[in-house]
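What follows is a set of notes on a single structure, which appears directly below.
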There are 4 protein chains.
Amino acid sequence: MDQKHIINADSARGSIKLLMTPGPTEVSPRVLKALSSPLVHHYYSGFIELFDDTINKLKRVYQTKNDVVILQGEGVLALEASVRSILSKGDRLLLLNSGPFGKSFGDYAKGAEIDEIACPQNEAIDVEEVKRKLDEREYRALTVVHCETPAGTMNDVKSICNEAKKRGVITIVDAVSSLGGVDIKPQSSGIDLCITASQKCLSCPPSLSMISVSDDAWEAMERVGLRGSYLSILDWRDAWDKKSFPYTPFISEIYALNESLNAILEEGLQNVFRRHKRVADCIRKGIKNLGLELWPESESIASDTVTAIKSPPKDVVKKMENYGILIAGSVGELKGKVIRIGHMGYSAQLANCFATMEALKRSLE
Amino acid sequence: MDQKHIINADSARGSIKLLMTPGPTEVSPRVLKALSSPLVHHYYSGFIELFDDTINKLKRVYQTKNDVVILQGEGVLALEASVRSILSKGDRLLLLNSGPFGKSFGDYAKGAEIDEIACPQNEAIDVEEVKRKLDEREYRALTVVHCETPAGTMNDVKSICNEAKKRGVITIVDAVSSLGGVDIKPQSSGIDLCITASQKCLSCPPSLSMISVSDDAWEAMERVGLRGSYLSILDWRDAWDKKSFPYTPFISEIYALNESLNAILEEGLQNVFRRHKRVADCIRKGIKNLGLELWPESESIASDTVTAIKSPPKDVVKKMENYGILIAGSVGELKGKVIRIGHMGYSAQLANCFATMEALKRSLE
Amino acid sequence: MDQKHIINADSARGSIKLLMTPGPTEVSPRVLKALSSPLVHHYYSGFIELFDDTINKLKRVYQTKNDVVILQGEGVLALEASVRSILSKGDRLLLLNSGPFGKSFGDYAKGAEIDEIACPQNEAIDVEEVKRKLDEREYRALTVVHCETPAGTMNDVKSICNEAKKRGVITIVDAVSSLGGVDIKPQSSGIDLCITASQKCLSCPPSLSMISVSDDAWEAMERVGLRGSYLSILDWRDAWDKKSFPYTPFISEIYALNESLNAILEEGLQNVFRRHKRVADCIRKGIKNLGLELWPESESIASDTVTAIKSPPKDVVKKMENYGILIAGSVGELKGKVIRIGHMGYSAQLANCFATMEALKRSLE
Amino acid sequence: MDQKHIINADSARGSIKLLMTPGPTEVSPRVLKALSSPLVHHYYSGFIELFDDTINKLKRVYQTKNDVVILQGEGVLALEASVRSILSKGDRLLLLNSGPFGKSFGDYAKGAEIDEIACPQNEAIDVEEVKRKLDEREYRALTVVHCETPAGTMNDVKSICNEAKKRGVITIVDAVSSLGGVDIKPQSSGIDLCITASQKCLSCPPSLSMISVSDDAWEAMERVGLRGSYLSILDWRDAWDKKSFPYTPFISEIYALNESLNAILEEGLQNVFRRHKRVADCIRKGIKNLGLELWPESESIASDTVTAIKSPPKDVVKKMENYGILIAGSVGELKGKVIRIGHMGYSAQLANCFATMEALKRSLE
């Protein structure tokens with residue numbers, strides 16, 4: 001009765017006990033503990049050692065020998081930086097538009113000539129169409145989203161990018177909501193720039209984005225020469241390499257990322273992918289058992305990290321809150337049309353799937 | 001003997017017990033606890049309430065009724081965004097260069113015509129010279145650094161900006177290492193864009209930058225119309241206003257910022273400023289007692305948040321580590337020429353000053 | 001592959017994500033944050049204020065105006081201290097034995113004359129039998145367990161204790177696994193010493209036990225005069241009252257307890273009891289739906305805080321671990337005969353029930 | 001202005017930044033993180049492994065091959081349990097009274113015949129007098145305090161206990177505020193029961209006490225046969241050995257203790273002792289430089305873990321709070337006569353000594 005309403009981190013979470021949202025996901029207690037460790041100055045030897053160790057572990061999780069560069073900003077920073085670092089005015093871009101994130105690559109490529117291949121938001125990009133287009137014209141770069149988070153769909157980036165690479169096209173892939181949850185090997189998949197972010201399958205707080213960069217991509221960036229900007233991947237690389245940080249590193253977030261990578265590597269990458277697959281199967285089976293329909297046209301293009309559900313009953317997201325479980329609506333054109341359950345990173349646990357499905361069942365009653 | 005070397009957040013801090021570095025500073029236990037709170041989805045009501053509350057508290061700490069916009073990136077993001085959002089190609093900029101940060105404003109103003117007033121790094125910009133220059137020519141904008149962190153010097157931004165404002169010039173101030181520690185009132189000081197960052201006097205982890213924006217500045221930005229970019233302040237404003245986050249908010253860092261603002265407001269702004277002043281006096285007195293020389297030409301321009309010391313004996317930063325205390329060298333031209341003691345935010349405590357001065361004394365022996 | 005096995009708090013929890021054990025329970029993130037706050041000296045004004053506040057909140061959760069005394073030890077400390085503080089050599093005790101904890105009261109009453117009323121471990125004590133016994137003879141004290149944790153059964157302590165009080169008998173109740181989860185009002189229930197512990201419905205770490213003490217009980221204790229011992233409730237009372245702590249208070253655990261009480265009072269006591277009831281119903285229904293049998297002879301004596309299941313299939317506790325959920329076997333005679341699901345305090349959430357029931361279903365397959 | 005007074009863990013610490021009190025001490029961030037880890041059930045394999053590991057590390061810090069038993073209660077629990085477990089009615093005890101803790105052993109030895117050797121509280125027990133007494137009569141046990149925390153004095157327990165052992169006397173040593181900070185090897189020092197507690201040199205929260213137990217002591221306890229009580233060391237041993245915990249282990253506190261032992265072993269025991277010595281020297285030198293007088297009659301008996309100062313100026317403890325530093329008054333007869341600075345465990349850092357000495361200097365002005 002005499003309790004006052006205090007606004008703080010606890011009130012922000014309110015009565016929520018479980019995030020089944022497609023980013024941010026639950027962050028594990030051990031990562032939260034790393035996050036809350038006392039800071040240190042970025043020139044101190046202990047931090048430099050940790051930073052280098054983090055990059056090495058990132059490469060292992062990326063399954064690449066290419067460089068991996070951390071950018072200190074939300075995922076969109078890496079998307080924008082990639083496009084601007086690769087494309088000069090007049091360059092031709094083949095943009096694969098399978099949803100809002102696919103489309104948004106175009107916003108960053110202002111001076112470029114853009115050809116677009118689009119598909120409905122519940123479908124995936126047709127690889128054959130991409131091949132035809134690539135044969136028709138010469139492109140500087142191709143952009144594609146691996147997992148369209150708003151729709152829960154996956155594009156066949158391996159086929160697409162390998163076709164593009166064969167033709168000398170620089171491939172830029174938004175793997176923000178898949179890398180670390182789905183087995184994607186940038187190098188053998190023909191991906192020059194493979195982008196992810198901290199708050200999805202890596203289960204860290206939103207704050208960092210990362211890009212694996214092939215030698216071809218570095219060469220292309222040197223040619224364009226974008227420098228002196230928060231958007232310059234070359235600048236970021238040099239900053240980290242020389243440890244002459246023009247920008248103060250996000251100390252706490254690097255702590256968290258390092259610990260999250262530890263957890264992934266301890267579990268084993270293949271085990272992590274299997275866990276995501278098992279949970280995704282459980283969620284999709286559950287959805288169908290409840291008489292609901294998956295949004296993706298075919299289950300073969302449904303993501304193992306997020307599930308979109310068609311024509312959800314009114315207020316179901318709100319009703320789920322009564323059980324302490326947060327799921328999400330969608331964005332853009334899909335707003336109001338689909339609801340989404342995230343099952344990536346630390347949230348991707350069978351027990352969470354069980355709780356979510358039963359809560360959903362009761363919320364539909 | 002059988003202990004293995006493990007790399008993690010604890011090893012990164014190593015044997016360091018106290019950061020007296022000019023950012024990052026010590027982050028208080030209560031802010032670290034807020035940081036480590038379980039995350040929540042950004043569309044959840046509890047988070048939206050917290051975010052709005054944070055903005056309101058930011059305005060109180062900024063002592064302004066202007067808008068304050070959070071950008072999700074290190075301080076340089078806000079510096080670059082400000083310049084690019086205000087200046088179009090061909091606009092004329094009066095750049096006040098009192099050190100590396102003052103100078104770096106020019107990097108972001110590529111298409112602009114730049115007139116520069118420079119001073120030696122141990123001096124402050126001459127206000128009279130600024131007035132003369134402002135009278136000579138019409139400028140679109142003026143950039144100036146309040147506290148040059150590498151040199152521990154302060155510019156008289158109030159006089160400078162009021163002179164500029166009188167002449168219709170948009171004023172952009174880097175108050176990254178002063179706001180929240182030194183009494184600066186953007187509105188009565190004639191500052192259109194007043195920039196700070198989370199890891200200095202606000203004693204949060206590096207991750208966020210903030211800008212207070214005057215109506216004149218908004219108007220200028222609308223005219224320039226920078227949009228569709230991580231560098232667009234207009235985009236950031238709209239994102240937060242509509243809560244249609246194109247970028248996932250940095251949930252954990254907002255938790256931390258909110259709690260840090262609570263601590264500042266509970267202590268009282270004027271008390272906070274007095275504490276910084278008292279600690280700075282103690283540090284400067286201590287330095288002189290040890291027979292060392294302050295780097296700033298005159299104590300009247302020495303900052304209350306960071307103290308730069310001239311011609312430091314070799315290895316003194318390293319020797320201080322033996323006492324668990326981190327101080328810093330400097331950057332750019334001052335590298336090797338000065339060492340710096342940060343005393344801002346949560347680190348600015350008399351007890352920390354006492355420990356640092358005695359450790360310094362012994363390190364000099 | 002190169003990950004070494006490190007033993008620490010994280011390895012201790014291993015792959016467990018959810019405790020559905022009958023103590024310790026899950027401790028909420030906000031209580032864990034309180035627990036991890038920097039310590040302070042017990043004579044500091046801030047701590048003394050917090051301690052007094054904790055006692056006041058304890059009384060509200062106890063729903064009593066009697067004194068509540070904290071003892072710094074596991075629940076058994078309070079059980080032993082109560083018996084030894086009340087009974088002198090030769091005093092007569094009526095011991096109600098409904099299971100191992102009921103029986104163990106006798107261990108502490110060495111010099112006393114003990115009459116025992118026992119019931120099978122799946123039944124509750126017969127109130128009529130108690131009345132008969134009370135009428136037959138004069139007793140100094142009566143001991144009874146409210147919820148027998150190993151069996152998941154509840155005794156009708158209200159009827160029992162009121163009958164005893166009418167006859168001037170001091171009543172000692174072990175409410176360790178019920179207080180704060182089930183509505184028990186010590187005063188109107190005729191309970192002189194009502195004992196609980198931190199790690200059950202209060203969802204704190206194991207460390208503290210508490211006793212509400214009636215005026216009659218104080219008088220009885222003064223008569224016995226047990227002093228100069230960790231077992232002396234009189235000593236504990238005086239220590240806290242005079243704040244002349246002979247024993248250093250458990251600072252961190254008091255932090256945690258205070259925060260846990262905050263959470264309970266914010267939710268509202270009646271809401272907390274309803275939540276426990278709803279979850280218990282869900283668990284019991286689930287158990288029966290799976291074709292399993294409840295251990296208590298009748299559902300009317302089944303506890304709302306822990307459910308014991310008869311004749312569990314082999315290895316089911318182990319199999320549940322595969323889903324990251326810990327449930328428990330039992331102790332004493334029930335070892336190997338029943339398994340138990342705890343659903344008390346912070347663990348008592350419907351979503352946890354959903355996850356547990358589905359995991360149990362799959363573990364039985 | 002609109003901030004309300006909230007009572008919680010943060011308010012309890014208030015404006016205090018540094019504990020220089022003789023227990024609790026500062027607990028390191030890494031130990032606080034361990035403390036705040038999610039709990040697990042005590043029968044889970046991960047916890048049992050951690051518990052055994054903790055005992056092994058305790059033995060290394062104790063520098064003993066004897067058993068070390070953890071008791072779940074404040075240090076006084078172990079003191080009382082030791083006396084009651086060793087002495088039967090009529091046994092003769094030689095009690096060395098060098099201060100309140102030395103004296104309090106007698107409270108627990110109610111039925112025993114007690115001979116006391118006392119010394120003024122600023123002196124240490126005279127070994128020759130002990131020898132004389134031991135030669136005069138046969139004793140079952142001898143009790144002595146290693147470091148009298150209220151007085152900052154040390155007894156020569158090695159000489160005393162070896163003399164006693166030679167004569168077949170069981171030696172019980174209160175090393176609560178020395179073990180882990182001062183080099184004491186129970187076995188070669190002739191100590192049968194060596195008692196310490198978590199909140200002193202081990203820098204954990206108050207909650208646990210520990211006893212190393214020699215074979216002779218076990219034999220003596222078996223003879224006495226104290227069982228069925230929170231005070232029975234035999235019961236505690238059996239509980240841990242059989243892992244049939246009658247008492248729920250203090251999960252969180254075991255997490256913390258394990259991590260604290262890690263930190264000590266990583267630093268190296270001899271380095272830890274040297275650090276305590278160096279800090280103690282610095283404190284004592286500082287005290288004398290300020291014109292204050294040490295309470296112990298001779299510096300040779302001054303403890304390396306706590307320094308007591310004679311005739312302190314009024315309100316100096318309070319004035320120190322203005323600098324965020326807590327020191328302590330004393331207890332018993334010394335209340336008001338001495339103030340004490342604790343420098344044990346994690347608090348024992350030179351930088352803390354520097355801060356404390358300068359703050360003390362200013363508080364005296």
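To be explicit about the labels: the chains of the structure tokens are called A, B, and onward in the order shown, and within each one the residues are counted from 1, while ligands get numbers from 1 in the order they are shown.
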
**OP:** Give me the residues within 8 Å of stretch 272-277 of chain B as a list in words, counting only C-alpha atoms and dropping any in the same chain fewer than 2 places off.
**Re:** Gly180, Gly181, Val182, Asp183, Ile264, Glu267, Gly268, Leu269, Gln270, Val279, Ala280, Asp281, Asp304, Thr305, His343, Met344, Gly345, Ala348 and Gln349 of chain B

Original post:
Could you write out as an MDAnalysis selection string the residues of chain B within 9 Å of chain D, counting only C-alpha atoms?
Top reply: chainID B and resid 1:4 10 17:18 29:30 262 265:266 268 323:325 349:359

Original post:
Quick one: residues within 6 Å of A:Leu326, only C-alpha atoms counted, chain neighbours fewer than 5 positions away excluded, as a PyMOL selection string?
Top reply: chain A and resi 19-20+321

**OP:** Determine, counting only C-alpha atoms, which protein, DNA and RNA residues have an atom within 9 Å of an atom of D:Ser214; residues of the same chain fewer than 4 positions away are not included. Present the result as a list in words.
**Re:**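 Near D:Ser214, the qualifying residues are Lys65, Asn66, Asp67, Pro186, Gln187, Ile191, Asp192, Leu193, Trp218 and Glu219 of chain D.
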
Dump as CSV the rows for residues of stretch 162-280 of chain C within 10 Å of stretch 114-136 of chain C: closest atom pair and distance in Å with one decimal, only C-alpha atoms counted, ordered by chain and rising residue number.
residue,atom,partner,partner_atom,distance
C:Glu163,CA,C:Lys131,CA,6.7
C:Ala164,CA,C:Leu134,CA,6.9
C:Lys166,CA,C:Leu134,CA,9.9
C:Arg167,CA,C:Leu134,CA,7.6
C:Val169,CA,C:Leu134,CA,8.8

**OP:** Write out as a VMD selection string the residues lying within 10 Å of B:Ile170, counting only C-alpha atoms and excluding same-chain residues fewer than 6 positions away.
**Re:** chain B and resid 86 to 87 93 139 to 143 161 164 190 to 193 214 216 to 217 220

Save the residues we just selected, N, CA and C atoms, as a PDB file, in the first residue's frame?
ATOM      1  N   ILE B  86      24.783  19.840 -39.465  1.00  0.00           N
ATOM      2  CA  ILE B  86      24.645  21.298 -39.484  1.00  0.00           C
ATOM      3  C   ILE B  86      25.243  21.932 -40.740  1.00  0.00           C
ATOM      4  N   LEU B  87      26.297  21.346 -41.227  1.00  0.00           N
ATOM      5  CA  LEU B  87      27.020  22.000 -42.328  1.00  0.00           C
ATOM      6  C   LEU B  87      26.752  21.346 -43.675  1.00  0.00           C
ATOM      7  N   LEU B  93      32.770  27.442 -41.670  1.00  0.00           N
ATOM      8  CA  LEU B  93      32.905  27.015 -40.271  1.00  0.00           C
ATOM      9  C   LEU B  93      34.070  27.727 -39.610  1.00  0.00           C
ATOM     10  N   TYR B 139      29.707  33.303 -40.565  1.00  0.00           N
ATOM     11  CA  TYR B 139      29.918  31.862 -40.414  1.00  0.00           C
ATOM     12  C   TYR B 139      28.588  31.154 -40.217  1.00  0.00           C
ATOM     13  N   ARG B 140      28.575  29.955 -40.750  1.00  0.00           N
ATOM     14  CA  ARG B 140      27.395  29.109 -40.518  1.00  0.00           C
ATOM     15  C   ARG B 140      27.467  28.519 -39.106  1.00  0.00           C
ATOM     16  N   ALA B 141      28.674  28.118 -38.746  1.00  0.00           N
ATOM     17  CA  ALA B 141      28.813  27.435 -37.459  1.00  0.00           C
ATOM     18  C   ALA B 141      30.194  27.663 -36.860  1.00  0.00           C
ATOM     19  N   LEU B 142      30.248  27.443 -35.556  1.00  0.00           N
ATOM     20  CA  LEU B 142      31.510  27.522 -34.834  1.00  0.00           C
ATOM     21  C   LEU B 142      31.635  26.249 -33.995  1.00  0.00           C
ATOM     22  N   THR B 143      32.833  25.683 -33.974  1.00  0.00           N
ATOM     23  CA  THR B 143      33.057  24.505 -33.127  1.00  0.00           C
ATOM     24  C   THR B 143      34.140  24.806 -32.104  1.00  0.00           C
ATOM     25  N   CYS B 161      30.620  31.373 -27.182  1.00  0.00           N
ATOM     26  CA  CYS B 161      29.362  30.994 -27.829  1.00  0.00           C
ATOM     27  C   CYS B 161      28.358  32.139 -27.805  1.00  0.00           C
ATOM     28  N   ALA B 164      29.159  34.316 -30.617  1.00  0.00           N
ATOM     29  CA  ALA B 164      28.779  33.695 -31.884  1.00  0.00           C
ATOM     30  C   ALA B 164      27.275  33.774 -32.091  1.00  0.00           C
ATOM     31  N   GLY B 190      24.803  30.123 -24.634  1.00  0.00           N
ATOM     32  CA  GLY B 190      24.753  30.298 -26.079  1.00  0.00           C
ATOM     33  C   GLY B 190      25.169  29.079 -26.878  1.00  0.00           C
ATOM     34  N   ILE B 191      24.962  27.904 -26.311  1.00  0.00           N
ATOM     35  CA  ILE B 191      25.383  26.682 -27.000  1.00  0.00           C
ATOM     36  C   ILE B 191      24.193  26.038 -27.708  1.00  0.00           C
ATOM     37  N   ASP B 192      24.323  25.844 -29.018  1.00  0.00           N
ATOM     38  CA  ASP B 192      23.233  25.218 -29.765  1.00  0.00           C
ATOM     39  C   ASP B 192      23.285  23.705 -29.673  1.00  0.00           C
ATOM     40  N   LEU B 193      24.468  23.169 -29.859  1.00  0.00           N
ATOM     41  CA  LEU B 193      24.634  21.715 -29.732  1.00  0.00           C
ATOM     42  C   LEU B 193      25.688  21.462 -28.673  1.00  0.00           C
ATOM     43  N   SER B 214      19.326  23.087 -29.576  1.00  0.00           N
ATOM     44  CA  SER B 214      18.474  24.283 -29.503  1.00  0.00           C
ATOM     45  C   SER B 214      17.521  24.318 -30.691  1.00  0.00           C
ATOM     46  N   ASP B 216      17.257  26.684 -32.805  1.00  0.00           N
ATOM     47  CA  ASP B 216      18.029  27.145 -33.969  1.00  0.00           C
ATOM     48  C   ASP B 216      18.766  25.992 -34.624  1.00  0.00           C
ATOM     49  N   ALA B 217      19.281  25.114 -33.783  1.00  0.00           N
ATOM     50  CA  ALA B 217      20.026  23.974 -34.335  1.00  0.00           C
ATOM     51  C   ALA B 217      19.091  23.032 -35.087  1.00  0.00           C
ATOM     52  N   ALA B 220      18.400  24.489 -38.420  1.00  0.00           N
ATOM     53  CA  ALA B 220      19.551  24.338 -39.311  1.00  0.00           C
ATOM     54  C   ALA B 220      19.640  22.897 -39.822  1.00  0.00           C
TER      55      ALA B 220
END

Taking 3 positions as the minimum chain separation for residues in the same chain, which residues sit within 10 Å of C:Leu364 when counting only C-alpha atoms? Answer as a compact mmCIF listing (two decimals) with N, CA and C atoms, in the first residue's frame.
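Output below, filename selection.txt:
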# COMPACT_ATOMS: atom_id res chain seq x y z
N LEU C 290 -0.53 -36.60 -16.06
CA LEU C 290 0.55 -37.46 -16.54
C LEU C 290 0.39 -38.89 -16.02
N PRO C 312 7.98 -42.60 -8.29
CA PRO C 312 8.44 -41.97 -9.54
C PRO C 312 9.26 -42.97 -10.36
N PRO C 313 9.16 -42.89 -11.69
CA PRO C 313 10.00 -43.73 -12.53
C PRO C 313 11.46 -43.43 -12.25
N LYS C 314 12.30 -44.42 -12.45
CA LYS C 314 13.72 -44.31 -12.18
C LYS C 314 14.36 -43.16 -12.97
N ASP C 315 15.30 -42.50 -12.36
CA ASP C 315 16.14 -41.51 -13.04
C ASP C 315 15.40 -40.28 -13.53
N VAL C 316 14.19 -40.07 -13.06
CA VAL C 316 13.44 -38.96 -13.63
C VAL C 316 14.04 -37.62 -13.21
N LYS C 319 16.83 -37.11 -15.58
CA LYS C 319 16.37 -36.79 -16.94
C LYS C 319 15.88 -35.35 -17.04
N MET C 320 15.28 -34.88 -15.98
CA MET C 320 14.81 -33.49 -15.98
C MET C 320 15.98 -32.51 -16.16
N GLU C 358 5.90 -30.06 -18.92
CA GLU C 358 6.21 -30.61 -20.24
C GLU C 358 7.53 -31.38 -20.19
N ALA C 359 8.49 -30.84 -19.44
CA ALA C 359 9.77 -31.55 -19.32
C ALA C 359 9.57 -32.87 -18.59
N LEU C 360 8.69 -32.87 -17.59
CA LEU C 360 8.42 -34.10 -16.85
C LEU C 360 7.75 -35.12 -17.77
N LYS C 361 6.81 -34.65 -18.55
CA LYS C 361 6.11 -35.53 -19.50
C LYS C 361 7.14 -36.22 -20.41
